[in-house]
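Accompanying notes for the structure given below.
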Amino acid sequence: MDKRRETTLLIIDDDASLVATLCIYFSKLGYAVLYAYDGRSGLKQLFEHRPDLVLLDVMMPDMDGWETCQRIRELSNVPIMLITACDQETDKVRGLRLGADDYISKPFGMKELAARLEALLRRTKMERRFNEPASFADENLLIDAQRWEVRRKGELLNLTPTELRLLFFLVQNANRVLSHEQILAYVWGAEYRSELSYAKLFVWRLRQKIEPDPKHPRYILTERGIGYRFCTEP
């Protein structure tokens with residue numbers, strides 16, 4: 001509970017009744033709770049208060065959750081949990097591609113939501129704990145887990161904590177094939193072992209940022225039917 005008392009949660013949702021319920025529930029758990037009823041107000045809250053977590057509804061008028069998620073990613077690497085109205089694969093894929101870290105579908109239970117948010121926060125807090133800091137460097141890419149940096153052609157890249165955790169794990173095991181299950185268990189947790197879309201979409205996100213040609217990857221190679229391998233050879 002001590003850690004959660006230091007945690008600020010920003011809720012962005014146009015459903016006033018749900019927001020009120022969430023505020024009461026998470027305040028009782030020890031979170032400092034902020035809220036906004038639309039995307040623009042949510043962005044203002046984000047800029048002014050720098051929350052530790054964002055719970056973002058997809059279906060909102062004016063600026064919807066998709067656009068809000070994209071705008072948040074331009075400003076911050078804060079962990080984002082999307083609330084989707086239905087359990088559709090297209091919504092999940094779109095949300096993860098736009099920069100969300102996780103999602104939960106309506107209807108959901110409060111205990112389930114709290115557990116997923118806590119797991120998301122825990123993954124973020126654990127990011128800097130590496131027994132063997134990952135490192136890699138060539139003429140194009142520099143990866144330094146000790147300094148918490150990834151640079152492409154000298155330019156510091158803006159990677160989310162989840163993207164960094166995945167990349168550092170791949171580099172720690174360079175030239176070894178890691179299965180989807182190994183990646184999911186390490187980066188997200190054992191309960192995500194069957195969520196293959198997470199691994200695929202976060203690899204896609206990393207490739208957009210670190211690869212010279214994302215369509216023909218040089219670093220993160222796909223081992224079909226198995227998983228991925230970080231290649232150090234040109």
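Please note that chains go A, B, ... in the order of the structure tokens, that every chain numbers its residues from 1, and that ligands are numbered from 1 in the order shown.
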Give me, as a short mmCIF file (atom, residue, chain, number, x, y, z; two decimals) with C-alpha atoms, in the first residue's frame, all polymer residues having an atom no more than 10 Å from Phe168 in chain A, counting only C-alpha atoms and skipping those fewer than 3 positions away in the same chain.
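In the end it all went to out-v8.cif:
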data_model
loop_
_atom_site.label_atom_id
_atom_site.label_comp_id
_atom_site.auth_asym_id
_atom_site.auth_seq_id
_atom_site.Cartn_x
_atom_site.Cartn_y
_atom_site.Cartn_z
CA GLU A 127 12.26 -1.61 -15.64
CA PHE A 130 18.77 -5.79 -14.78
CA GLU A 132 23.21 -8.10 -16.69
CA PRO A 133 22.61 -4.70 -18.33
CA ALA A 134 21.98 -5.09 -22.04
CA SER A 135 24.20 -3.28 -24.50
CA PHE A 136 24.75 -3.16 -28.24
CA ILE A 143 21.46 0.35 -26.89
CA ASP A 144 22.56 0.98 -23.31
CA ALA A 145 20.30 -0.41 -20.56
CA TRP A 148 18.47 3.71 -20.01
CA VAL A 150 18.54 3.84 -27.09
CA THR A 162 7.34 -1.61 -22.10
CA GLU A 163 9.18 -1.15 -25.39
CA LEU A 164 12.47 -0.73 -23.49
CA ARG A 165 11.84 -3.81 -21.37
CA VAL A 171 19.47 -7.77 -26.48
CA GLN A 172 20.33 -9.61 -23.25
CA ASN A 173 19.69 -12.80 -25.22
CA ALA A 174 21.24 -11.61 -28.49
CA VAL A 187 7.81 -8.52 -20.30
CA PHE A 230 17.93 -9.99 -31.84
#
Can you pull out the residues contacting range 95-97 of chain A? Cut-off 10 Å, using only C-alpha atoms, and skip same-chain residues under 2 positions away; I want them as an NGL selection string. :A and (58 or 65-66 or 69-70 or 80-84 or 89-93 or 99-103 or 197-198 or 201-202 or 204-205)
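The interatomic distance for the pair CA of Tyr186 in chain A and CA of Leu206 in chain A works out to 16.7 Å.
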* Counting only C-alpha atoms, what is within 10 Å of Phe47 in chain A, bar same-chain residues fewer than 3 positions away, as a PyMOL selection string? -> chain A and resi 41-44+50-51+72+75-76
*Name the residues of range 30-149 of chain A that fall into strand (DSSP E) according to DSSP on the backbone, using the chain letters and numbers of this document, as a PyMOL selection string.*
chain A and resi 32-36+53-57+80-84+102-105+135-137+141-144+149
Problem set entry | Per-residue DSSP, range 67-232 of chain A, filtered to alpha helix (DSSP H), as a VMD selection string | chain A and resid 67 to 75 89 to 97 110 to 125 161 to 172 180 to 187 196 to 210
Who sits within 9 Å of Gly227 in chain A, only C-alpha atoms, same chain under 2 positions skipped, as a ChimeraX atom specification: /A:177-183,199-200,221-225,229
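Each of A:Ile220, A:Cys231, A:Ala20, A:Leu34 was checked against Leu46 in chain A using only C-alpha atoms; the smallest atom-to-atom distance is that of A:Leu34.
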**Study point:** Near-Thr8 in chain A list (10 Å; only C-alpha atoms; drop same-chain fewer than 5 positions) as a PyMOL selection string
**Key:** chain A and resi 26-27+30-34+49-54
Would you list the contacts of Leu141 in chain A as a ChimeraX atom specification, taking every protein, DNA or RNA residue within 12 Å and counting only C-alpha atoms, but skipping same-chain residues closer than 2 positions in sequence? /A:135-139,143-144,149-157,209-212,218-219,232,234
File of the preceding selection, N, CA and C atoms, as a CSV table (one decimal), in the first residue's frame:
chain,number,residue,atom,x,y,z
A,135,SER,N,23.5,-4.3,-23.7
A,135,SER,CA,24.2,-3.3,-24.5
A,135,SER,C,24.5,-3.8,-25.9
A,136,PHE,N,24.5,-2.9,-26.8
A,136,PHE,CA,24.7,-3.2,-28.2
A,136,PHE,C,25.1,-1.9,-28.9
A,137,ALA,N,26.0,-1.9,-29.9
A,137,ALA,CA,26.4,-0.7,-30.6
A,137,ALA,C,26.9,-1.1,-32.0
A,138,ASP,N,26.4,-0.4,-33.0
A,138,ASP,CA,27.0,-0.4,-34.3
A,138,ASP,C,26.9,1.0,-34.9
A,139,GLU,N,27.1,1.1,-36.2
A,139,GLU,CA,27.2,2.5,-36.8
A,139,GLU,C,25.8,3.1,-36.9
A,143,ILE,N,22.4,0.8,-27.9
A,143,ILE,CA,21.5,0.3,-26.9
A,143,ILE,C,22.3,0.2,-25.6
A,144,ASP,N,21.8,1.0,-24.6
A,144,ASP,CA,22.6,1.0,-23.3
A,144,ASP,C,21.5,0.9,-22.2
A,149,GLU,N,19.2,4.2,-22.3
A,149,GLU,CA,19.2,4.9,-23.5
A,149,GLU,C,19.2,4.0,-24.7
A,150,VAL,N,18.5,4.5,-25.8
A,150,VAL,CA,18.5,3.8,-27.1
A,150,VAL,C,18.7,5.0,-28.1
A,151,ARG,N,19.7,4.9,-28.9
A,151,ARG,CA,19.9,6.0,-29.9
A,151,ARG,C,20.0,5.4,-31.3
A,152,ARG,N,19.5,6.1,-32.2
A,152,ARG,CA,19.6,5.7,-33.6
A,152,ARG,C,20.3,6.9,-34.4
A,153,LYS,N,21.4,6.6,-34.9
A,153,LYS,CA,22.3,7.6,-35.6
A,153,LYS,C,22.5,8.8,-34.7
A,154,GLY,N,22.7,8.5,-33.4
A,154,GLY,CA,23.1,9.5,-32.4
A,154,GLY,C,21.9,10.2,-31.8
A,155,GLU,N,20.7,10.0,-32.4
A,155,GLU,CA,19.5,10.6,-31.8
A,155,GLU,C,18.8,9.8,-30.8
A,156,LEU,N,18.5,10.4,-29.6
A,156,LEU,CA,17.9,9.6,-28.5
A,156,LEU,C,16.4,9.3,-28.9
A,157,LEU,N,16.1,8.0,-28.9
A,157,LEU,CA,14.8,7.6,-29.2
A,157,LEU,C,13.8,7.6,-28.0
A,209,LYS,N,10.8,2.1,-34.9
A,209,LYS,CA,11.7,3.1,-34.2
A,209,LYS,C,13.2,2.8,-34.4
A,210,ILE,N,13.6,1.5,-34.4
A,210,ILE,CA,15.0,1.2,-34.4
A,210,ILE,C,15.5,0.7,-35.8
A,211,GLU,N,14.7,0.2,-36.6
A,211,GLU,CA,15.1,-0.5,-37.9
A,211,GLU,C,15.3,0.6,-39.0
A,212,PRO,N,16.4,0.5,-39.8
A,212,PRO,CA,16.6,1.3,-40.9
A,212,PRO,C,15.4,1.1,-41.9
A,218,ARG,N,16.6,-5.6,-39.7
A,218,ARG,CA,18.0,-6.0,-39.6
A,218,ARG,C,18.3,-6.5,-38.2
A,219,TYR,N,17.6,-6.0,-37.2
A,219,TYR,CA,18.0,-6.3,-35.8
A,219,TYR,C,17.0,-7.4,-35.2
A,232,THR,N,23.0,-9.6,-33.9
A,232,THR,CA,24.1,-8.6,-33.8
A,232,THR,C,25.0,-8.6,-35.0
A,234,PRO,N,25.8,-8.2,-39.0
A,234,PRO,CA,25.3,-7.4,-40.2
A,234,PRO,C,24.7,-8.3,-41.3
